[in-house]
>>> print(open('run.pdb').read())   # PDB, C-alpha atoms
MODEL        1
ATOM      1  CA  MET L   1       0.000   0.000   0.000
ATOM      2  CA  ALA L   2       3.078   2.326   0.172
ATOM      3  CA  ASN L   3       3.496   5.007  -2.475
ATOM      4  CA  SER L   4       5.520   3.308  -5.241
ATOM      5  CA  THR L   5       6.647   6.595  -6.847
ATOM      6  CA  GLN L   6       9.126   7.074  -3.947
ATOM      7  CA  GLY L   7      11.129   4.044  -5.155
ATOM      8  CA  ALA L   8      11.329   5.503  -8.679
ATOM      9  CA  ASN L   9      12.667   8.855  -7.402
ATOM     10  CA  LYS L  10      15.455   7.178  -5.380
ATOM     11  CA  ASN L  11      16.808   5.406  -8.469
ATOM     12  CA  GLU L  12      17.156   8.730 -10.267
ATOM     13  CA  GLU L  13      19.164  10.240  -7.372
ATOM     14  CA  ASN L  14      21.639   7.329  -7.398
ATOM     15  CA  LYS L  15      22.278   7.752 -11.126
ATOM     16  CA  SER L  16      23.091  11.476 -10.806
ATOM     17  CA  ALA L  17      25.579  10.749  -7.928
ATOM     18  CA  GLU L  18      27.537   8.332 -10.131
ATOM     19  CA  ASN L  19      27.944  11.008 -12.818
ATOM     20  CA  LYS L  20      29.738  13.514 -10.467
ATOM     21  CA  GLU L  21      33.488  14.333 -10.941
ATOM     22  CA  PRO L  22      35.991  13.025  -8.314
ATOM     23  CA  SER L  23      35.933  15.261  -5.204
ATOM     24  CA  SER L  24      38.834  17.475  -3.976
ATOM     25  CA  PRO L  25      40.552  16.917  -0.536
ATOM     26  CA  ILE L  26      38.555  19.827   0.930
ATOM     27  CA  GLU L  27      35.342  18.255  -0.222
ATOM     28  CA  ASN L  28      36.479  14.940   1.314
ATOM     29  CA  CYS L  29      36.965  16.640   4.725
ATOM     30  CA  GLU L  30      33.554  18.214   4.510
ATOM     31  CA  GLU L  31      32.084  14.852   3.643
ATOM     32  CA  LYS L  32      33.712  13.242   6.709
ATOM     33  CA  LEU L  33      32.300  15.975   8.956
ATOM     34  CA  THR L  34      28.842  15.512   7.576
ATOM     35  CA  ASN L  35      29.122  11.750   8.088
ATOM     36  CA  THR L  36      29.550  12.173  11.853
ATOM     37  CA  GLU L  37      27.013  14.989  11.862
ATOM     38  CA  ASN L  38      24.783  12.610   9.987
ATOM     39  CA  LYS L  39      24.202  10.498  13.101
ATOM     40  CA  ILE L  40      22.240  11.188  16.266
ATOM     41  CA  THR L  41      22.903   9.526  19.621
ATOM     42  CA  ILE L  42      19.767   7.992  21.087
ATOM     43  CA  VAL L  43      19.777   7.390  24.838
ATOM     44  CA  PHE L  44      17.279   4.746  25.944
ATOM     45  CA  HIS L  45      15.426   4.807  29.278
ATOM     46  CA  ALA L  46      13.321   1.877  30.460
ATOM     47  CA  THR L  47       9.906   2.504  32.016
ATOM     48  CA  GLY L  48       7.438   0.226  33.751
ATOM     49  CA  ASN L  49       8.566  -3.386  33.960
ATOM     50  CA  THR L  50      10.575  -3.269  30.781
ATOM     51  CA  PRO L  51      14.106  -4.730  30.976
ATOM     52  CA  ILE L  52      16.995  -2.239  31.077
ATOM     53  CA  LEU L  53      19.484  -2.367  28.209
ATOM     54  CA  LYS L  54      23.179  -3.074  28.877
ATOM     55  CA  SER L  55      24.227  -0.456  26.343
ATOM     56  CA  ARG L  56      21.794   2.414  26.533
ATOM     57  CA  LYS L  57      23.249   4.546  23.765
ATOM     58  CA  LEU L  58      22.835   4.035  20.059
ATOM     59  CA  MET L  59      24.143   6.055  17.089
ATOM     60  CA  VAL L  60      21.499   6.287  14.401
ATOM     61  CA  LYS L  61      21.594   7.967  10.968
ATOM     62  CA  LYS L  62      19.387  11.037  10.732
ATOM     63  CA  GLU L  63      17.409   9.683   7.793
ATOM     64  CA  ARG L  64      16.341   6.566   9.669
ATOM     65  CA  LYS L  65      12.736   6.246  10.669
ATOM     66  CA  MET L  66      11.293   5.572  14.103
ATOM     67  CA  GLY L  67       9.907   2.256  12.867
ATOM     68  CA  ASP L  68      13.478   1.001  12.250
ATOM     69  CA  VAL L  69      14.456   1.939  15.801
ATOM     70  CA  ILE L  70      11.427   0.083  17.203
ATOM     71  CA  THR L  71      12.306  -3.070  15.242
ATOM     72  CA  PHE L  72      15.955  -2.823  16.294
ATOM     73  CA  LEU L  73      15.097  -2.321  19.970
ATOM     74  CA  LYS L  74      12.762  -5.331  19.903
ATOM     75  CA  LYS L  75      15.701  -7.436  18.725
ATOM     76  CA  LEU L  76      18.028  -5.968  21.372
ATOM     77  CA  LEU L  77      15.481  -6.772  24.074
ATOM     78  CA  ASN L  78      14.902 -10.258  22.629
ATOM     79  CA  LEU L  79      11.248  -9.514  22.012
ATOM     80  CA  HIS L  80       9.157 -11.304  19.429
ATOM     81  CA  PRO L  81       8.054  -9.042  16.532
ATOM     82  CA  SER L  82       4.483  -9.556  17.700
ATOM     83  CA  ASP L  83       5.216  -8.254  21.231
ATOM     84  CA  SER L  84       4.231  -4.735  22.219
ATOM     85  CA  LEU L  85       6.906  -2.092  22.516
ATOM     86  CA  PHE L  86       6.165   1.596  22.636
ATOM     87  CA  LEU L  87       8.765   4.341  22.336
ATOM     88  CA  TYR L  88       8.276   7.860  23.686
ATOM     89  CA  VAL L  89      10.084  11.169  23.287
ATOM     90  CA  ASN L  90       9.795  13.896  25.902
ATOM     91  CA  GLN L  91       8.836  11.034  28.266
ATOM     92  CA  ALA L  92       5.290  10.816  27.024
ATOM     93  CA  PHE L  93       4.835  11.366  23.289
ATOM     94  CA  ALA L  94       4.933   8.370  20.941
ATOM     95  CA  PRO L  95       6.222   9.491  17.535
ATOM     96  CA  SER L  96       4.793   7.949  14.378
ATOM     97  CA  PRO L  97       6.900   5.030  13.068
ATOM     98  CA  ASP L  98       7.309   6.952   9.799
ATOM     99  CA  GLN L  99       8.809  10.006  11.498
ATOM    100  CA  THR L 100      12.534  10.578  10.791
ATOM    101  CA  ILE L 101      15.079  10.726  13.618
ATOM    102  CA  LYS L 102      16.233  14.072  12.199
ATOM    103  CA  ASN L 103      12.809  15.701  12.698
ATOM    104  CA  LEU L 104      12.442  14.217  16.168
ATOM    105  CA  TYR L 105      15.874  15.461  17.155
ATOM    106  CA  GLU L 106      14.980  18.967  16.001
ATOM    107  CA  CYS L 107      11.866  18.938  18.195
ATOM    108  CA  TYR L 108      13.078  16.920  21.146
ATOM    109  CA  GLY L 109      16.880  16.739  21.047
ATOM    110  CA  VAL L 110      18.784  17.592  24.244
ATOM    111  CA  GLU L 111      22.533  18.432  24.165
ATOM    112  CA  GLY L 112      23.258  16.364  21.080
ATOM    113  CA  THR L 113      21.197  13.350  22.129
ATOM    114  CA  LEU L 114      17.642  12.180  21.686
ATOM    115  CA  PRO L 115      16.335  10.633  24.926
ATOM    116  CA  ILE L 116      13.787   7.893  24.296
ATOM    117  CA  HIS L 117      11.718   6.098  26.924
ATOM    118  CA  TYR L 118      10.496   2.628  26.063
ATOM    119  CA  CYS L 119       7.725   0.554  27.563
ATOM    120  CA  LYS L 120       6.673  -3.036  27.003
ATOM    121  CA  SER L 121       3.103  -2.953  28.307
ATOM    122  CA  GLN L 122       0.316  -4.384  26.209
ATOM    123  CA  ALA L 123      -1.942  -1.658  24.862
ATOM    124  CA  TRP L 124      -4.935  -3.685  23.710
ATOM    125  CA  GLY L 125      -7.502  -5.981  25.205
TER     126      GLY L 125
ATOM    127  CA  MET M 126      -8.793   5.506  38.206
ATOM    128  CA  LEU M 127      -6.718   7.121  35.527
ATOM    129  CA  PHE M 128      -9.256   9.490  33.957
ATOM    130  CA  THR M 129     -12.383  10.968  35.419
ATOM    131  CA  TYR M 130     -14.830  12.506  32.955
ATOM    132  CA  LYS M 131     -13.846  15.999  34.109
ATOM    133  CA  GLN M 132     -10.188  15.181  33.474
ATOM    134  CA  PHE M 133     -11.070  13.844  30.039
ATOM    135  CA  GLU M 134     -12.963  17.059  29.262
ATOM    136  CA  PHE M 135     -10.003  19.160  30.378
ATOM    137  CA  CYS M 136      -7.597  17.112  28.213
ATOM    138  CA  LEU M 137      -9.999  17.429  25.305
ATOM    139  CA  TYR M 138     -10.107  21.213  25.428
ATOM    140  CA  CYS M 139      -6.296  21.391  25.758
ATOM    141  CA  PHE M 140      -5.979  19.027  22.797
ATOM    142  CA  LYS M 141      -8.403  21.102  20.744
ATOM    143  CA  LYS M 142      -6.321  24.232  21.386
ATOM    144  CA  SER M 143      -3.199  22.462  20.107
ATOM    145  CA  SER M 144      -5.152  21.095  17.149
ATOM    146  CA  ASP M 145      -6.270  24.602  16.167
ATOM    147  CA  TYR M 146      -2.708  25.863  16.474
ATOM    148  CA  PHE M 147      -1.306  23.052  14.310
ATOM    149  CA  LYS M 148      -4.276  23.306  11.912
ATOM    150  CA  ASP M 149      -5.087  19.664  12.587
ATOM    151  CA  GLU M 150      -8.878  19.872  12.036
ATOM    152  CA  TRP M 151     -10.161  18.076  15.109
ATOM    153  CA  SER M 152     -13.582  19.323  16.177
ATOM    154  CA  ILE M 153     -15.514  19.031  19.432
ATOM    155  CA  CYS M 154     -19.007  17.536  19.280
ATOM    156  CA  HIS M 155     -21.573  18.136  22.007
ATOM    157  CA  ILE M 156     -24.199  15.601  23.006
ATOM    158  CA  SER M 157     -27.014  16.516  25.341
ATOM    159  CA  ASN M 158     -28.913  13.727  27.020
ATOM    160  CA  SER M 159     -31.707  14.286  29.470
ATOM    161  CA  SER M 160     -29.289  13.656  32.326
ATOM    162  CA  ASN M 161     -25.992  15.225  31.224
ATOM    163  CA  ASP M 162     -23.915  16.889  28.548
ATOM    164  CA  ASN M 163     -21.034  15.025  27.003
ATOM    165  CA  ILE M 164     -18.391  16.046  24.526
ATOM    166  CA  TYR M 165     -16.156  14.106  22.215
ATOM    167  CA  LEU M 166     -13.525  14.779  19.573
ATOM    168  CA  LYS M 167     -14.003  14.098  15.904
ATOM    169  CA  LYS M 168     -11.817  14.212  12.827
ATOM    170  CA  LYS M 169     -12.342  13.243   9.197
ATOM    171  CA  VAL M 170      -9.401  12.650   6.890
ATOM    172  CA  LEU M 171      -9.240  11.855   3.186
ATOM    173  CA  LYS M 172      -6.274   9.697   2.230
ATOM    174  CA  SER M 173      -5.149   8.190  -1.015
ATOM    175  CA  TYR M 174      -3.559   4.774  -1.202
ATOM    176  CA  LEU M 175      -1.993   2.831  -4.051
ATOM    177  CA  TRP M 176      -3.669  -0.521  -4.583
ATOM    178  CA  GLY M 177      -1.706  -2.251  -7.345
ATOM    179  CA  GLU M 178      -2.067   0.186 -10.218
ATOM    180  CA  LYS M 179      -5.174   1.896  -8.923
ATOM    181  CA  SER M 180      -5.297   4.907  -6.665
ATOM    182  CA  LEU M 181      -7.920   4.618  -3.917
ATOM    183  CA  ILE M 182      -9.428   7.447  -1.923
ATOM    184  CA  ILE M 183     -10.449   6.431   1.576
ATOM    185  CA  CYS M 184     -12.238   8.623   4.071
ATOM    186  CA  TRP M 185     -11.328   7.942   7.683
ATOM    187  CA  GLU M 186     -13.400   9.193  10.579
ATOM    188  CA  TYR M 187     -11.933   9.190  14.094
ATOM    189  CA  ASN M 188     -13.929   9.861  17.256
ATOM    190  CA  ILE M 189     -12.378  10.089  20.728
ATOM    191  CA  ILE M 190     -15.065   9.261  23.259
ATOM    192  CA  TYR M 191     -14.909   8.818  27.021
ATOM    193  CA  SER M 192     -15.920   5.389  28.269
ATOM    194  CA  PHE M 193     -17.752   5.513  31.586
ATOM    195  CA  SER M 194     -17.269   1.764  31.978
ATOM    196  CA  TYR M 195     -13.495   1.761  31.611
ATOM    197  CA  SER M 196     -12.793   5.357  32.748
ATOM    198  CA  VAL M 197     -10.527   5.902  29.774
ATOM    199  CA  PRO M 198     -10.887   7.427  26.310
ATOM    200  CA  ILE M 199     -11.700   5.049  23.461
ATOM    201  CA  LEU M 200     -10.846   5.571  19.808
ATOM    202  CA  TYR M 201     -13.832   4.911  17.581
ATOM    203  CA  PHE M 202     -12.972   4.817  13.896
ATOM    204  CA  ASN M 203     -14.409   4.054  10.502
ATOM    205  CA  ALA M 204     -13.103   4.095   6.976
ATOM    206  CA  CYS M 205     -15.114   4.224   3.792
ATOM    207  CA  PHE M 206     -14.418   4.237   0.077
ATOM    208  CA  ASP M 207     -15.307   7.259  -2.025
ATOM    209  CA  ASN M 208     -18.624   5.612  -2.927
ATOM    210  CA  GLY M 209     -19.580   5.600   0.747
ATOM    211  CA  LYS M 210     -19.128   1.876   1.296
ATOM    212  CA  LEU M 211     -17.582   1.072   4.674
ATOM    213  CA  LEU M 212     -14.351  -0.916   4.837
ATOM    214  CA  SER M 213     -14.529  -4.350   6.430
ATOM    215  CA  VAL M 214     -12.258  -5.613   9.206
ATOM    216  CA  ASN M 215     -10.073  -7.376   6.630
ATOM    217  CA  ASP M 216      -9.688  -4.207   4.569
ATOM    218  CA  ILE M 217      -8.709  -2.161   7.619
ATOM    219  CA  GLU M 218      -6.155  -4.754   8.677
ATOM    220  CA  ILE M 219      -4.317  -4.102   5.424
ATOM    221  CA  LEU M 220      -4.031  -0.401   6.302
ATOM    222  CA  VAL M 221      -2.556  -0.986   9.771
ATOM    223  CA  HIS M 222       1.065   0.162  10.053
ATOM    224  CA  ASP M 223       3.736  -2.543   9.543
ATOM    225  CA  VAL M 224       4.997  -2.051  13.089
ATOM    226  CA  PHE M 225       1.721  -3.475  14.398
ATOM    227  CA  LYS M 226       0.926  -5.994  11.672
ATOM    228  CA  GLN M 227       2.519  -8.944  13.463
ATOM    229  CA  GLN M 228       0.657  -8.179  16.682
ATOM    230  CA  LEU M 229      -2.531  -8.049  14.670
ATOM    231  CA  GLN M 230      -1.799 -11.398  13.000
ATOM    232  CA  GLU M 231      -1.452 -13.116  16.356
ATOM    233  CA  ASN M 232      -4.229 -11.307  18.155
ATOM    234  CA  LYS M 233      -6.886 -10.669  15.522
ATOM    235  CA  LEU M 234      -9.862 -10.223  17.788
ATOM    236  CA  GLY M 235      -7.987  -8.587  20.625
ATOM    237  CA  ILE M 236      -7.056  -5.290  19.022
ATOM    238  CA  PHE M 237     -10.146  -3.906  17.374
ATOM    239  CA  SER M 238     -13.731  -4.906  16.794
ATOM    240  CA  GLN M 239     -17.015  -3.394  15.715
ATOM    241  CA  GLN M 240     -19.466  -1.745  18.087
ATOM    242  CA  GLU M 241     -22.351   0.663  18.093
ATOM    243  CA  HIS M 242     -21.299   4.303  18.422
ATOM    244  CA  PRO M 243     -22.758   5.430  21.776
ATOM    245  CA  TYR M 244     -24.184   8.659  20.342
ATOM    246  CA  THR M 245     -24.824   8.222  16.610
ATOM    247  CA  ARG M 246     -25.822   4.561  16.994
ATOM    248  CA  THR M 247     -24.024   3.639  13.760
ATOM    249  CA  PRO M 248     -21.482   0.795  13.498
ATOM    250  CA  PHE M 249     -17.923   1.874  14.260
ATOM    251  CA  PHE M 250     -14.693   0.054  14.965
ATOM    252  CA  ILE M 251     -13.030   0.569  18.330
ATOM    253  CA  LEU M 252      -9.582  -0.152  19.693
ATOM    254  CA  HIS M 253     -10.094  -2.330  22.746
ATOM    255  CA  PRO M 254      -9.810  -0.268  25.933
ATOM    256  CA  CYS M 255      -9.281  -2.986  28.570
ATOM    257  CA  LYS M 256      -5.526  -2.473  28.893
ATOM    258  CA  THR M 257      -5.491   1.286  28.258
ATOM    259  CA  GLU M 258      -5.239   2.162  31.942
ATOM    260  CA  ASN M 259      -2.373  -0.291  32.593
ATOM    261  CA  PHE M 260      -0.658   0.871  29.478
ATOM    262  CA  LEU M 261      -0.842   4.581  30.282
ATOM    263  CA  LYS M 262      -0.080   4.463  34.004
ATOM    264  CA  PRO M 263       3.731   4.026  33.884
ATOM    265  CA  ILE M 264       4.096   6.817  31.342
ATOM    266  CA  VAL M 265       1.693   9.281  32.921
ATOM    267  CA  SER M 266       3.222   8.765  36.370
ATOM    268  CA  ILE M 267       6.731   9.753  35.261
ATOM    269  CA  SER M 268       5.686  12.593  33.000
ATOM    270  CA  SER M 269       4.503  15.840  34.462
ATOM    271  CA  ASN M 270       4.228  17.934  31.344
ATOM    272  CA  ILE M 271       2.218  16.210  28.619
ATOM    273  CA  ASN M 272      -1.490  15.860  28.022
ATOM    274  CA  PRO M 273      -2.277  12.159  28.759
ATOM    275  CA  LEU M 274      -4.716  12.210  25.858
ATOM    276  CA  VAL M 275      -1.797  13.047  23.559
ATOM    277  CA  THR M 276       0.291  10.215  25.050
ATOM    278  CA  TRP M 277      -2.499   7.717  24.502
ATOM    279  CA  LEU M 278      -3.464   8.899  21.028
ATOM    280  CA  SER M 279       0.114   9.153  19.754
ATOM    281  CA  ALA M 280       0.816   5.562  20.795
ATOM    282  CA  ILE M 281      -2.227   3.996  19.126
ATOM    283  CA  ALA M 282      -2.562   6.293  16.119
ATOM    284  CA  PRO M 283      -0.333   4.255  13.746
ATOM    285  CA  VAL M 284      -2.721   1.307  14.078
ATOM    286  CA  VAL M 285      -5.420   3.324  12.334
ATOM    287  CA  ASP M 286      -3.164   5.288   9.989
ATOM    288  CA  LEU M 287      -3.807   8.482  11.909
ATOM    289  CA  ASN M 288      -1.071  11.136  11.712
ATOM    290  CA  ILE M 289      -0.285  12.985  14.916
ATOM    291  CA  ASP M 290       1.911  16.045  14.424
ATOM    292  CA  PRO M 291       5.141  15.460  16.412
ATOM    293  CA  ARG M 292       4.834  18.941  17.865
ATOM    294  CA  TYR M 293       1.861  17.861  20.010
ATOM    295  CA  GLY M 294       4.398  16.420  22.432
ATOM    296  CA  THR M 295       6.032  19.821  22.905
ATOM    297  CA  VAL M 296       2.880  21.557  24.168
ATOM    298  CA  CYS M 297       2.894  22.354  27.889
ATOM    299  CA  PHE M 298       0.116  20.856  29.950
ATOM    300  CA  ASN M 299      -1.270  22.003  33.292
ATOM    301  CA  LYS M 300      -0.842  18.783  35.267
ATOM    302  CA  GLU M 301      -1.884  20.425  38.536
ATOM    303  CA  LYS M 302      -5.211  21.410  37.096
ATOM    304  CA  PHE M 303      -5.595  17.902  35.657
ATOM    305  CA  ASP M 304      -4.849  16.284  39.024
ATOM    306  CA  SER M 305      -7.280  18.580  40.810
ATOM    307  CA  LEU M 306     -10.084  17.191  38.628
ATOM    308  CA  SER M 307      -9.445  13.623  39.753
ATOM    309  CA  ASN M 308     -12.422  13.762  42.095
ATOM    310  CA  ASN M 309     -15.714  13.009  40.398
ATOM    311  CA  ILE M 310     -17.572  15.050  42.983
ATOM    312  CA  ASN M 311     -18.967  18.307  41.709
ATOM    313  CA  HIS M 312     -17.698  20.780  44.263
ATOM    314  CA  SER M 313     -20.539  23.207  43.740
ATOM    315  CA  GLU M 314     -22.928  20.618  45.122
ATOM    316  CA  ILE M 315     -21.253  20.453  48.539
TER     317      ILE M 315
ENDMDL
END
>>> encode(input="run.pdb", output="structure tokens")
Amino acid sequence: MANSTQGANKNEENKSAENKEPSSPIENCEEKLTNTENKITIVFHATGNTPILKSRKLMVKKERKMGDVITFLKKLLNLHPSDSLFLYVNQAFAPSPDQTIKNLYECYGVEGTLPIHYCKSQAWG
Amino acid sequence: MLFTYKQFEFCLYCFKKSSDYFKDEWSICHISNSSNDNIYLKKKVLKSYLWGEKSLIICWEYNIIYSFSYSVPILYFNACFDNGKLLSVNDIEILVHDVFKQQLQENKLGIFSQQEHPYTRTPFFILHPCKTENFLKPIVSISSNINPLVTWLSAIAPVVDLNIDPRYGTVCFNKEKFDSLSNNINHSEI
């Protein structure tokens, strides 16, 4: 049901990147800077009865979506894909799974990190 | 009890203010029975989806109504095609966000089902409210600055393809006023 025109646009962008001339050393430095700037540190906080992670910090690319983080965290916590896991920013707002980490950081980022609370409780029933 | 009706009403009006600010098109509906006045939130959204080669227009309607049985808000929702025909359970399951699809596969009857709308008496789907209180308690107890209605709605919205502007979570909320409404007693009657 996803919009299939997005896939077509991405292919065009890749083609134009291949046609660029080789970059100068200055451009290489700038590229390296943007690579580190390209990632956000997420700090996870457990709430309720949810298990606490051994490593609470995670570097995530800005373009990644919340849905990817949810899936990844479920694996880290050894949860089944069908288990409930809810993630919150600002302690109590659950962002849409399609929201990018970049947008969330701009709204909710604190000192270079994005704090996220997670909770395992079942929501339905 | 997590939500008294007065607390729900307070959250509703705060939510409506944010909605107007973000141009989110939620509206408040008033219902007057012989015994009392109730309010609920309503929103209609037109969305287009790609189904193979065809483009489908679907009209979603979302109602947020207070349940006196469960003392929590319930999300009533419906979706219909552009010819007015309502979507079935199977059709709606296809529109649920991927993040929840697996849960839906394993718990088909436990997530949403059809009921009569308490005020319009037409068939609507609802998201089951039994666990809402348990689900909200740990979050609401640690947070002192967000509208609990926003917390609840933002968490369940992806199940019904409802977009909640991320800025809703940045709006300050008067928790003291909310807590003061936890008593169901009408003080003017004392």
>>> resolve_selection(input="run.pdb", expression="the ChimeraX specification (/M :<8) & /L", output="ChimeraX atom specification")
/L:1-4,47-48,67,70-71,81-84,86,89-97,104,107-108,121-125
>>> atom_distance(input="run.pdb", atom1="CA of Asp149 in chain M", atom2="CA of Tyr244 in chain M")
23.4 Å
>>> closest_residue(input="run.pdb", among="L:Lys39, L:Arg56, L:Lys102, L:His45", to="Tyr88 in chain L", atoms="only C-alpha atoms")
L:His45
>>> resolve_selection(input="run.pdb", expression="the PyMOL selection byres ((chain L and resi 55) around 12)", output="JSON, numbers by chain")
{"L": [42, 43, 44, 45, 46, 51, 52, 53, 54, 56, 57, 58, 59, 73, 76, 77]}
>>> residues_near_point(input="run.pdb", point="(-13.0, 7.0, 34.9)", cutoff="10 Å", atoms="only C-alpha atoms", output="JSON, numbers by chain")
{"M": [126, 127, 128, 129, 130, 131, 132, 133, 191, 192, 193, 194, 195, 196, 197, 198, 258, 307, 308, 309]}
>>> write_last_selection(input="run.pdb", atoms="C-alpha atoms", output="PDB file, keeping the file's coordinate frame")
ATOM      1  CA  MET M 126      -8.793   5.506  38.206  1.00  0.00           C
ATOM      2  CA  LEU M 127      -6.718   7.121  35.527  1.00  0.00           C
ATOM      3  CA  PHE M 128      -9.256   9.490  33.957  1.00  0.00           C
ATOM      4  CA  THR M 129     -12.383  10.968  35.419  1.00  0.00           C
ATOM      5  CA  TYR M 130     -14.830  12.506  32.955  1.00  0.00           C
ATOM      6  CA  LYS M 131     -13.846  15.999  34.109  1.00  0.00           C
ATOM      7  CA  GLN M 132     -10.188  15.181  33.474  1.00  0.00           C
ATOM      8  CA  PHE M 133     -11.070  13.844  30.039  1.00  0.00           C
ATOM      9  CA  TYR M 191     -14.909   8.818  27.021  1.00  0.00           C
ATOM     10  CA  SER M 192     -15.920   5.389  28.269  1.00  0.00           C
ATOM     11  CA  PHE M 193     -17.752   5.513  31.586  1.00  0.00           C
ATOM     12  CA  SER M 194     -17.269   1.764  31.978  1.00  0.00           C
ATOM     13  CA  TYR M 195     -13.495   1.761  31.611  1.00  0.00           C
ATOM     14  CA  SER M 196     -12.793   5.357  32.748  1.00  0.00           C
ATOM     15  CA  VAL M 197     -10.527   5.902  29.774  1.00  0.00           C
ATOM     16  CA  PRO M 198     -10.887   7.427  26.310  1.00  0.00           C
ATOM     17  CA  GLU M 258      -5.239   2.162  31.942  1.00  0.00           C
ATOM     18  CA  SER M 307      -9.445  13.623  39.753  1.00  0.00           C
ATOM     19  CA  ASN M 308     -12.422  13.762  42.095  1.00  0.00           C
ATOM     20  CA  ASN M 309     -15.714  13.009  40.398  1.00  0.00           C
TER      21      ASN M 309
END
>>> resolve_selection(input="run.pdb", expression="the PyMOL selection byres ((chain M and resi 182) around 12)", output="list in words")
Val170, Leu171, Lys172, Ser173, Tyr174, Leu175, Trp176, Lys179, Ser180, Leu181, Ile183, Cys184, Trp185, Ala204, Cys205, Phe206, Asp207, Asn208, Gly209, Lys210 and Leu212 of chain M
>>> residues_around(input="run.pdb", residues="Phe140 in chain M", least_positions_apart="3", cutoff="10 Å", atoms="only C-alpha atoms", output="list in words")
Glu134, Phe135, Cys136, Leu137, Ser143, Ser144, Asp145, Tyr146, Trp151, Leu166, Asn272, Pro273, Leu274, Val275, Tyr293, Val296 and Phe298 of chain M
>>> atom_distance(input="run.pdb", atom1="CA of Ser159 in chain M", atom2="CA of Leu200 in chain M")
24.6 Å
>>> atom_distance(input="run.pdb", atom1="CA of Ile199 in chain M", atom2="CA of Glu186 in chain M")
13.6 Å
>>> residues_near_point(input="run.pdb", point="(13.1, 9.0, 14.3)", cutoff="6 Å", atoms="all atoms listed in the file", output="mmCIF file with C-alpha atoms, in the coordinates of the input")
data_model
loop_
_atom_site.group_PDB
_atom_site.id
_atom_site.type_symbol
_atom_site.label_atom_id
_atom_site.label_comp_id
_atom_site.auth_asym_id
_atom_site.auth_seq_id
_atom_site.Cartn_x
_atom_site.Cartn_y
_atom_site.Cartn_z
ATOM 1 C CA LYS L 65 12.736 6.246 10.669
ATOM 2 C CA MET L 66 11.293 5.572 14.103
ATOM 3 C CA GLN L 99 8.809 10.006 11.498
ATOM 4 C CA THR L 100 12.534 10.578 10.791
ATOM 5 C CA ILE L 101 15.079 10.726 13.618
ATOM 6 C CA LEU L 104 12.442 14.217 16.168
#
>>> axis_aligned_box(input="run.pdb", around="range 291-309 of chain M", padding_each_side="3 Å", output="JSON")
{"center_x": -4.8, "center_y": 17.7, "center_z": 29.3, "size_x": 27.7, "size_y": 15.3, "size_z": 31.7}
